[in-house]
Amino acid sequence: MRRGLVIGGLAVATLSCLSRLGQAAEVVLWHSYRAGEMEALDRTVDRFRHEHPDTKVRVLAVPYGAYQQKLISAIPAGHGPDLFIAAHDQLGDMIRRELIEPVPAALASAQFLDETLRPLAVGAVQGIAAGAAGPATPGRSWGWPMAFKTLVLFYRTDLVATPPATTDGMIEIAHALTRPGRFGLAYNLAEFYFHAPWYFGSGAELLSADGLSARIESEAAAASGAFLRRLVLEERVVPTDANGALVTEMFNRGQVAMVVNGPWFISEIDRGVPWKIATLPRMSASDRPARPLLTVEGLFVAKGRATPETVGLAEALVSDSAARIRALEGGQPVANRAAYDDPEVAARSVLGTFRAQLEQTVPMPTAPLVALLWEPLNEALRQISRGALAPKVAFAAAASRVRVLNQPLPESESAAPFVLGLLLLLCGALAVAVWRRPPRFVARLLAARAAYAFLLPTAIGMTLLVAVPFLMGLGLGFFAFGPGEVRFVGFANFVSIITAAEYPVTHPLSFYFTLVVTVLWTVANVLLHVGIGFALALLLSPAWLKGRGLFRVLLILPWTIPNYITALVFKGLFNAQFGAVNAVLVALGLSPVGWFDGFWPAFAANVVTNVWLGFPFMMVTLLGALQAIPQDLYDAARVDGAGAWQRFVGVTLPQVGPALLPAVILGTIWTFNMFNIVFLVSEGQPEGSTDILVTEAYRWAFVRNGRYGYAAAYSTIIFVILVLYSLVTRRLVAPRSEARV
């Protein structure tokens, strides 16, 4: 019998091995392409499937916004892709997190353009772990270069006959074409990415050679700021409040002649618009070429997934023939040299122009410090463009902010005392619960076990969806996160916030400044919500009013539209050059307002937007309360000789109070944490002064180099403030309720 078991086991093992051999190996590929780029990639993958039927390829398109975070969570857990396409500017973070493997074999510069190889080379990434920096290893790479993206000059051929060769020529053309309602040049000048050509063209640098310190405070940086000031304030050829969507619309309508943008802009241009592209003009002041930032799209192997099938698919996707397909069908500026020798590719002047611009670019830095530069630099550009600060002062302020944000993590502390204190606190709470609840409480619980059984699914769901995330967020506040490390720091984050250790109390990034703004924001909004809602409810409550049902429906509409859509609409209404609000002011003979150039105009824009969203809730609540008031009370008041105001104070207000107070409490909590309006309308401008606590917590987590512990501590303090507010309002409401009883 034992021999039979052995033979049977061997047979099962043999069949299992044979079945595995018969199965095709699977390679999972992730990307974030869309439209033509995705179709071209799918075609190259289909060709590989046809040539390698023994290898199964699964392609997954992941939304760009969630792409990096999904890689971070999936690959270390053994899930996610075997191959993925990503921009090289995340290379330092991917190496630090050990998400990728180096390319198994050295890459030949004869196949790929040198400018696309260097940013991916082993040893080229600076400012991360010891040993990761240093001279680039020839031929060794962290990934295969597939394509590149950089900025060029788009121009309408019906407005510009010959593209400018110098910035002085560009300004001359733009000045001749600028008139009311039309500009000669447009780009998002408040983002450093679009300012980078002038910055590097002036000879400025971002980082030191080791990538550990910023070099944004220099005469060359100030010179680039002076050029921006010239475009906006002196020549006035560039709109000051233009975002990506507005630039696209202006170009399509012929309201702007030239645009600084990248290859993604091509798909946004309407059919029938006559346009071409050219390399960026040479800087007249420095006699240097304008040098935009370069992003290389690399094909990376996930950590531990460098199988022959994975490498084979990668080599097929970056082959010259595949690059030709991606260039012709996807419109990609590919990294392969041979593609540009192809007659069909050469016939497309757009790709040739991007190839020519590639020679004058600056690779996007990959050091961790870079993540701290964008917000201060963007703020410096906003200050310069509205004339608030001189260029030299603005870049000096940005450098100072970077130094504050780049402070070392707090000292690590032992977690043992905190764990012991937590256990003692739990034991004390349990003891108090037992003392206050006699043993018969357990008997009552058992007697009602059927009811609790029905509540159990809801309790489990609330625990997993609410309690567990809340406790995890609370716990994160006791940790500090840095490049490649996490350490327990106890109450250091909370102490830093409460004591305003990083900024003075009056600075816009101080916790107390933001708290005052948040309270002012909440009070202003709730008062206007209640006032407007109450007034409209009184107007719409009389039964004799004709069409009141229609008016109610129309006035509820602002509440039904998603608030982020309303925020974007109002953002456009308050645009300095093209907004309807300024158009009305000009029509009335008033001067236009730069709504996001100062605190009070930006704050007012936020409040107006949120009031539009919030008054319908109060109106509906008070309408119901008004309709519930017995008419006999008003009749009795009239008999007693009470006037309209006396009836309002003596009858209406006391009767609507029970409905109004909970609505005010709920509206206060909603407004206190109204993230979308502040984040999308004013974007915290100017200098972060209109940010509220919840948007500031977001920026600490996702803008300022992933300081998740600090942001979690911020969120915990917000929660404590709202709990205290709820307790205070509960005590205020309770006596009124008891009095009514």
# chains A, B, ... in the order shown; residues from 1 in each chain; ligands from 1
>>> closest_atom_pairs(of="range 240-312 of chain A", to="range 172-183 of chain A", cutoff="7 Å", atoms="only C-alpha atoms", output="CSV")
residue,atom,partner,partner_atom,distance
A:Gln255,CA,A:Arg182,CA,4.5
A:Val256,CA,A:Phe183,CA,4.8
A:Ala257,CA,A:Phe183,CA,6.9
>>> residues_around(residues="range 301-316 of chain A", least_positions_apart="5", cutoff="6 Å", atoms="only C-alpha atoms", output="ChimeraX atom specification")
/A:27,82-83,99-101
>>> select_by_dssp(residues="range 339-579 of chain A", states="alpha helix (DSSP H)", output="ChimeraX atom specification")
/A:343-346,349-358,374-385,391-405,416-436,440-447,449-462,468-476,492-498,511-540,548-560,563-573
>>> residues_around(residues="Thr116 in chain A", least_positions_apart="2", cutoff="8 Å", atoms="only C-alpha atoms", output="VMD selection string")
chain A and resid 112 to 114 118 to 120 145 147 to 148 296 335
>>> closest_residue(among="A:Met94, A:Ala323, A:Ala602, A:Ala450", to="Thr44 in chain A", atoms="only C-alpha atoms")
A:Ala323
>>> closest_residue(among="A:Leu538, A:Thr671, A:Gln360, A:Leu573", to="Leu653 in chain A", atoms="only C-alpha atoms")
A:Leu538
>>> closest_residue(among="A:Ala587, A:Val523, A:Ala492, A:Val656", to="Val611 in chain A", atoms="only C-alpha atoms")
A:Val523
>>> closest_atom_pairs(of="range 329-371 of chain A", to="range 406-418 of chain A", cutoff="12 Å", atoms="only C-alpha atoms", output="CSV")
residue,atom,partner,partner_atom,distance
A:Pro368,CA,A:Asn406,CA,10.1
A:Leu369,CA,A:Asn406,CA,7.5
A:Val370,CA,A:Asn406,CA,10.4
A:Ala371,CA,A:Asn406,CA,10.2
>>> write_last_selection(atoms="C-alpha atoms", output="PDB file, in the first residue's frame")
ATOM      1  CA  PRO A 368      14.292  63.466  -3.334  1.00  0.00           C
ATOM      2  CA  LEU A 369      14.877  67.161  -2.595  1.00  0.00           C
ATOM      3  CA  VAL A 370      13.246  68.102  -5.907  1.00  0.00           C
ATOM      4  CA  ALA A 371       9.789  67.310  -4.513  1.00  0.00           C
TER       5      ALA A 371
END
>>> closest_residue(among="A:Ala209, A:Val45, A:Leu474, A:Leu389", to="Gly709 in chain A", atoms="only C-alpha atoms")
A:Leu474
>>> residues_around(residues="Thr522 in chain A", least_positions_apart="5", cutoff="12 Å", atoms="only C-alpha atoms", output="list in words")
Leu515, Val516, Val517, Leu527, Leu528, His529, Phe603, Asn606, Val607, Asn610, Val611, Gly614, Val664, Ile665, Leu666, Gly667, Thr668, Ile669, Trp670, Thr671, Phe672, Asn673, Met674, Val678, Ile692 and Leu693 of chain A
>>> atom_distance(atom1="CA of Pro508 in chain A", atom2="CA of Arg401 in chain A")
11.8 Å
>>> closest_residue(among="A:Val703, A:Leu29, A:Ala190, A:Leu722", to="Ala86 in chain A", atoms="only C-alpha atoms")
A:Leu29
>>> residues_around(residues="Ser591 in chain A", least_positions_apart="4", cutoff="12 Å", atoms="only C-alpha atoms", output="NGL selection string")
:A and (576-577 or 581-587 or 595)
>>> select_by_dssp(residues="range 124-358 of chain A", states="strand (DSSP E)", output="ChimeraX atom specification")
/A:144-149,152-156,183-186,256-261,275-278,282-283,288-289,293-302
>>> residues_around(residues="Ala637 in chain A", least_positions_apart="6", cutoff="10 Å", atoms="only C-alpha atoms", output="list in words")
Gly643, Ala644, Gln646, Arg647, Gly650 and Val651 of chain A
>>> residues_around(residues="Thr162 in chain A", least_positions_apart="3", cutoff="12 Å", atoms="only C-alpha atoms", output="PDB file with N, CA and C atoms, in the first residue's frame")
ATOM      1  N   LEU A 153       7.608  75.417 -28.920  1.00  0.00           N
ATOM      2  CA  LEU A 153       6.775  76.581 -29.197  1.00  0.00           C
ATOM      3  C   LEU A 153       5.742  76.234 -30.266  1.00  0.00           C
ATOM      4  N   PHE A 154       4.468  76.234 -29.892  1.00  0.00           N
ATOM      5  CA  PHE A 154       3.362  76.074 -30.837  1.00  0.00           C
ATOM      6  C   PHE A 154       2.958  77.467 -31.332  1.00  0.00           C
ATOM      7  N   TYR A 155       2.671  77.588 -32.620  1.00  0.00           N
ATOM      8  CA  TYR A 155       2.218  78.878 -33.130  1.00  0.00           C
ATOM      9  C   TYR A 155       1.191  78.664 -34.239  1.00  0.00           C
ATOM     10  N   ARG A 156       0.254  79.596 -34.313  1.00  0.00           N
ATOM     11  CA  ARG A 156      -0.771  79.571 -35.354  1.00  0.00           C
ATOM     12  C   ARG A 156      -0.194  80.211 -36.609  1.00  0.00           C
ATOM     13  N   THR A 157      -0.211  79.456 -37.697  1.00  0.00           N
ATOM     14  CA  THR A 157       0.378  79.957 -38.943  1.00  0.00           C
ATOM     15  C   THR A 157      -0.441  81.067 -39.587  1.00  0.00           C
ATOM     16  N   ASP A 158      -1.715  81.227 -39.173  1.00  0.00           N
ATOM     17  CA  ASP A 158      -2.507  82.334 -39.708  1.00  0.00           C
ATOM     18  C   ASP A 158      -2.205  83.650 -38.996  1.00  0.00           C
ATOM     19  N   LEU A 159      -1.442  83.570 -37.891  1.00  0.00           N
ATOM     20  CA  LEU A 159      -1.073  84.772 -37.156  1.00  0.00           C
ATOM     21  C   LEU A 159       0.432  85.019 -37.159  1.00  0.00           C
ATOM     22  N   ALA A 165      13.393  83.480 -33.514  1.00  0.00           N
ATOM     23  CA  ALA A 165      14.658  82.808 -33.207  1.00  0.00           C
ATOM     24  C   ALA A 165      15.191  83.206 -31.849  1.00  0.00           C
ATOM     25  N   THR A 166      14.779  84.369 -31.346  1.00  0.00           N
ATOM     26  CA  THR A 166      15.241  84.858 -30.048  1.00  0.00           C
ATOM     27  C   THR A 166      14.046  85.295 -29.218  1.00  0.00           C
ATOM     28  N   GLY A 169      12.783  88.640 -30.317  1.00  0.00           N
ATOM     29  CA  GLY A 169      11.914  88.495 -31.482  1.00  0.00           C
ATOM     30  C   GLY A 169      10.547  87.961 -31.097  1.00  0.00           C
ATOM     31  N   MET A 170      10.499  87.030 -30.138  1.00  0.00           N
ATOM     32  CA  MET A 170       9.227  86.493 -29.670  1.00  0.00           C
ATOM     33  C   MET A 170       8.383  87.590 -29.035  1.00  0.00           C
ATOM     34  N   ILE A 173       7.000  89.946 -31.782  1.00  0.00           N
ATOM     35  CA  ILE A 173       5.831  89.367 -32.470  1.00  0.00           C
ATOM     36  C   ILE A 173       4.617  89.386 -31.555  1.00  0.00           C
ATOM     37  N   ALA A 257      -1.522  83.715 -30.093  1.00  0.00           N
ATOM     38  CA  ALA A 257      -0.794  83.344 -31.308  1.00  0.00           C
ATOM     39  C   ALA A 257       0.243  82.266 -31.061  1.00  0.00           C
ATOM     40  N   MET A 258       0.900  82.302 -29.905  1.00  0.00           N
ATOM     41  CA  MET A 258       1.970  81.355 -29.601  1.00  0.00           C
ATOM     42  C   MET A 258       1.753  80.768 -28.215  1.00  0.00           C
ATOM     43  N   TRP A 275      -1.598  75.268 -37.538  1.00  0.00           N
ATOM     44  CA  TRP A 275      -0.547  75.400 -36.525  1.00  0.00           C
ATOM     45  C   TRP A 275       0.706  74.645 -36.937  1.00  0.00           C
ATOM     46  N   LYS A 276       1.805  75.037 -36.352  1.00  0.00           N
ATOM     47  CA  LYS A 276       3.080  74.348 -36.476  1.00  0.00           C
ATOM     48  C   LYS A 276       3.815  74.480 -35.151  1.00  0.00           C
ATOM     49  N   ILE A 277       4.952  73.793 -35.047  1.00  0.00           N
ATOM     50  CA  ILE A 277       5.762  73.937 -33.848  1.00  0.00           C
ATOM     51  C   ILE A 277       7.191  74.282 -34.250  1.00  0.00           C
ATOM     52  N   ALA A 278       7.900  74.871 -33.305  1.00  0.00           N
ATOM     53  CA  ALA A 278       9.300  75.235 -33.506  1.00  0.00           C
ATOM     54  C   ALA A 278      10.035  75.059 -32.189  1.00  0.00           C
ATOM     55  N   PRO A 281      12.873  79.731 -28.595  1.00  0.00           N
ATOM     56  CA  PRO A 281      13.844  80.742 -29.039  1.00  0.00           C
ATOM     57  C   PRO A 281      15.023  80.875 -28.073  1.00  0.00           C
TER      58      PRO A 281
END
>>> atom_distance(atom1="CA of Val681 in chain A", atom2="CA of Asp597 in chain A")
12.7 Å
>>> atom_distance(atom1="CA of Ile561 in chain A", atom2="CA of Val608 in chain A")
15.8 Å
>>> decode(residues="range 587-703 of chain A", atoms="C-alpha atoms", output="CSV table (one decimal), in the first residue's frame")
chain,number,residue,atom,x,y,z
A,587,ALA,CA,-19.0,97.3,-18.1
A,588,LEU,CA,-19.9,99.3,-15.0
A,589,GLY,CA,-16.9,101.5,-15.4
A,590,LEU,CA,-14.9,99.9,-12.6
A,591,SER,CA,-11.4,98.6,-12.7
A,592,PRO,CA,-10.9,94.8,-13.0
A,593,VAL,CA,-9.7,93.0,-9.9
A,594,GLY,CA,-6.9,90.4,-9.6
A,595,TRP,CA,-9.0,88.1,-7.5
A,596,PHE,CA,-6.1,85.8,-6.5
A,597,ASP,CA,-3.4,88.5,-6.1
A,598,GLY,CA,-4.4,89.5,-2.5
A,599,PHE,CA,-5.8,87.8,0.6
A,600,TRP,CA,-9.1,89.5,0.8
A,601,PRO,CA,-10.1,89.2,-2.9
A,602,ALA,CA,-9.1,85.5,-2.9
A,603,PHE,CA,-10.9,84.9,0.4
A,604,ALA,CA,-14.0,86.7,-1.0
A,605,ALA,CA,-13.9,84.5,-4.2
A,606,ASN,CA,-13.8,81.4,-2.0
A,607,VAL,CA,-16.7,82.6,0.2
A,608,VAL,CA,-18.9,83.6,-2.8
A,609,THR,CA,-18.4,80.1,-4.3
A,610,ASN,CA,-19.2,78.3,-1.1
A,611,VAL,CA,-22.2,80.4,-0.3
A,612,TRP,CA,-23.6,79.6,-3.7
A,613,LEU,CA,-23.3,75.9,-2.8
A,614,GLY,CA,-24.5,76.1,0.8
A,615,PHE,CA,-27.5,78.4,1.0
A,616,PRO,CA,-29.9,75.8,-0.6
A,617,PHE,CA,-29.4,73.4,2.4
A,618,MET,CA,-30.4,76.1,4.9
A,619,MET,CA,-33.3,77.2,2.7
A,620,VAL,CA,-34.8,73.7,2.5
A,621,THR,CA,-34.3,73.1,6.2
A,622,LEU,CA,-36.0,76.3,7.2
A,623,LEU,CA,-38.8,75.9,4.6
A,624,GLY,CA,-39.8,72.7,6.3
A,625,ALA,CA,-39.6,74.3,9.7
A,626,LEU,CA,-41.7,77.3,8.6
A,627,GLN,CA,-44.4,75.2,7.1
A,628,ALA,CA,-44.7,73.3,10.4
A,629,ILE,CA,-45.5,76.4,12.4
A,630,PRO,CA,-49.3,76.4,13.3
A,631,GLN,CA,-51.1,79.3,11.7
A,632,ASP,CA,-53.0,79.7,15.0
A,633,LEU,CA,-49.9,81.1,16.6
A,634,TYR,CA,-49.7,83.9,14.1
A,635,ASP,CA,-53.4,84.6,14.4
A,636,ALA,CA,-53.1,84.8,18.2
A,637,ALA,CA,-50.2,87.2,17.9
A,638,ARG,CA,-52.1,89.5,15.5
A,639,VAL,CA,-55.1,89.5,17.9
A,640,ASP,CA,-52.7,90.6,20.7
A,641,GLY,CA,-51.5,93.5,18.4
A,642,ALA,CA,-48.1,92.1,17.5
A,643,GLY,CA,-46.5,93.6,14.4
A,644,ALA,CA,-44.6,91.8,11.7
A,645,TRP,CA,-41.3,92.1,13.4
A,646,GLN,CA,-42.7,91.1,16.8
A,647,ARG,CA,-44.4,88.0,15.1
A,648,PHE,CA,-41.0,87.1,13.6
A,649,VAL,CA,-39.1,87.4,16.9
A,650,GLY,CA,-41.8,86.0,19.1
A,651,VAL,CA,-43.2,83.2,16.9
A,652,THR,CA,-41.1,82.4,13.9
A,653,LEU,CA,-37.6,82.3,15.5
A,654,PRO,CA,-38.6,80.2,18.5
A,655,GLN,CA,-40.4,77.7,16.3
A,656,VAL,CA,-37.6,77.2,13.7
A,657,GLY,CA,-34.9,77.1,16.4
A,658,PRO,CA,-35.1,73.3,16.9
A,659,ALA,CA,-34.5,72.7,13.2
A,660,LEU,CA,-32.1,75.6,12.7
A,661,LEU,CA,-29.6,74.7,15.5
A,662,PRO,CA,-28.7,71.2,14.2
A,663,ALA,CA,-28.5,72.5,10.7
A,664,VAL,CA,-26.1,75.2,11.8
A,665,ILE,CA,-23.9,72.7,13.6
A,666,LEU,CA,-23.8,70.4,10.7
A,667,GLY,CA,-23.2,73.3,8.3
A,668,THR,CA,-20.3,74.4,10.4
A,669,ILE,CA,-18.6,71.0,10.4
A,670,TRP,CA,-19.1,70.8,6.6
A,671,THR,CA,-17.7,74.3,6.0
A,672,PHE,CA,-14.8,73.8,8.4
A,673,ASN,CA,-13.6,70.9,6.2
A,674,MET,CA,-14.7,72.2,2.8
A,675,PHE,CA,-11.6,71.0,0.9
A,676,ASN,CA,-12.7,71.3,-2.8
A,677,ILE,CA,-13.6,75.0,-2.8
A,678,VAL,CA,-10.4,76.3,-1.3
A,679,PHE,CA,-8.2,73.8,-3.1
A,680,LEU,CA,-9.8,74.5,-6.6
A,681,VAL,CA,-10.8,78.2,-6.5
A,682,SER,CA,-8.1,80.1,-4.8
A,683,GLU,CA,-5.6,77.2,-4.6
A,684,GLY,CA,-4.4,78.8,-1.3
A,685,GLN,CA,-3.2,81.9,-3.1
A,686,PRO,CA,-1.6,84.2,-2.4
A,687,GLU,CA,1.4,82.4,-0.7
A,688,GLY,CA,-0.9,79.8,1.0
A,689,SER,CA,-2.7,82.5,3.0
A,690,THR,CA,-6.2,81.4,2.0
A,691,ASP,CA,-5.6,77.7,2.8
A,692,ILE,CA,-7.7,76.2,5.6
A,693,LEU,CA,-6.6,73.5,8.0
A,694,VAL,CA,-7.8,70.5,5.8
A,695,THR,CA,-6.1,71.8,2.6
A,696,GLU,CA,-2.9,72.5,4.6
A,697,ALA,CA,-2.9,69.0,5.9
A,698,TYR,CA,-3.2,67.7,2.3
A,699,ARG,CA,-0.2,69.8,1.2
A,700,TRP,CA,2.0,68.5,4.0
A,701,ALA,CA,1.2,64.9,3.0
A,702,PHE,CA,1.3,65.1,-0.8
A,703,VAL,CA,3.1,68.3,-1.9
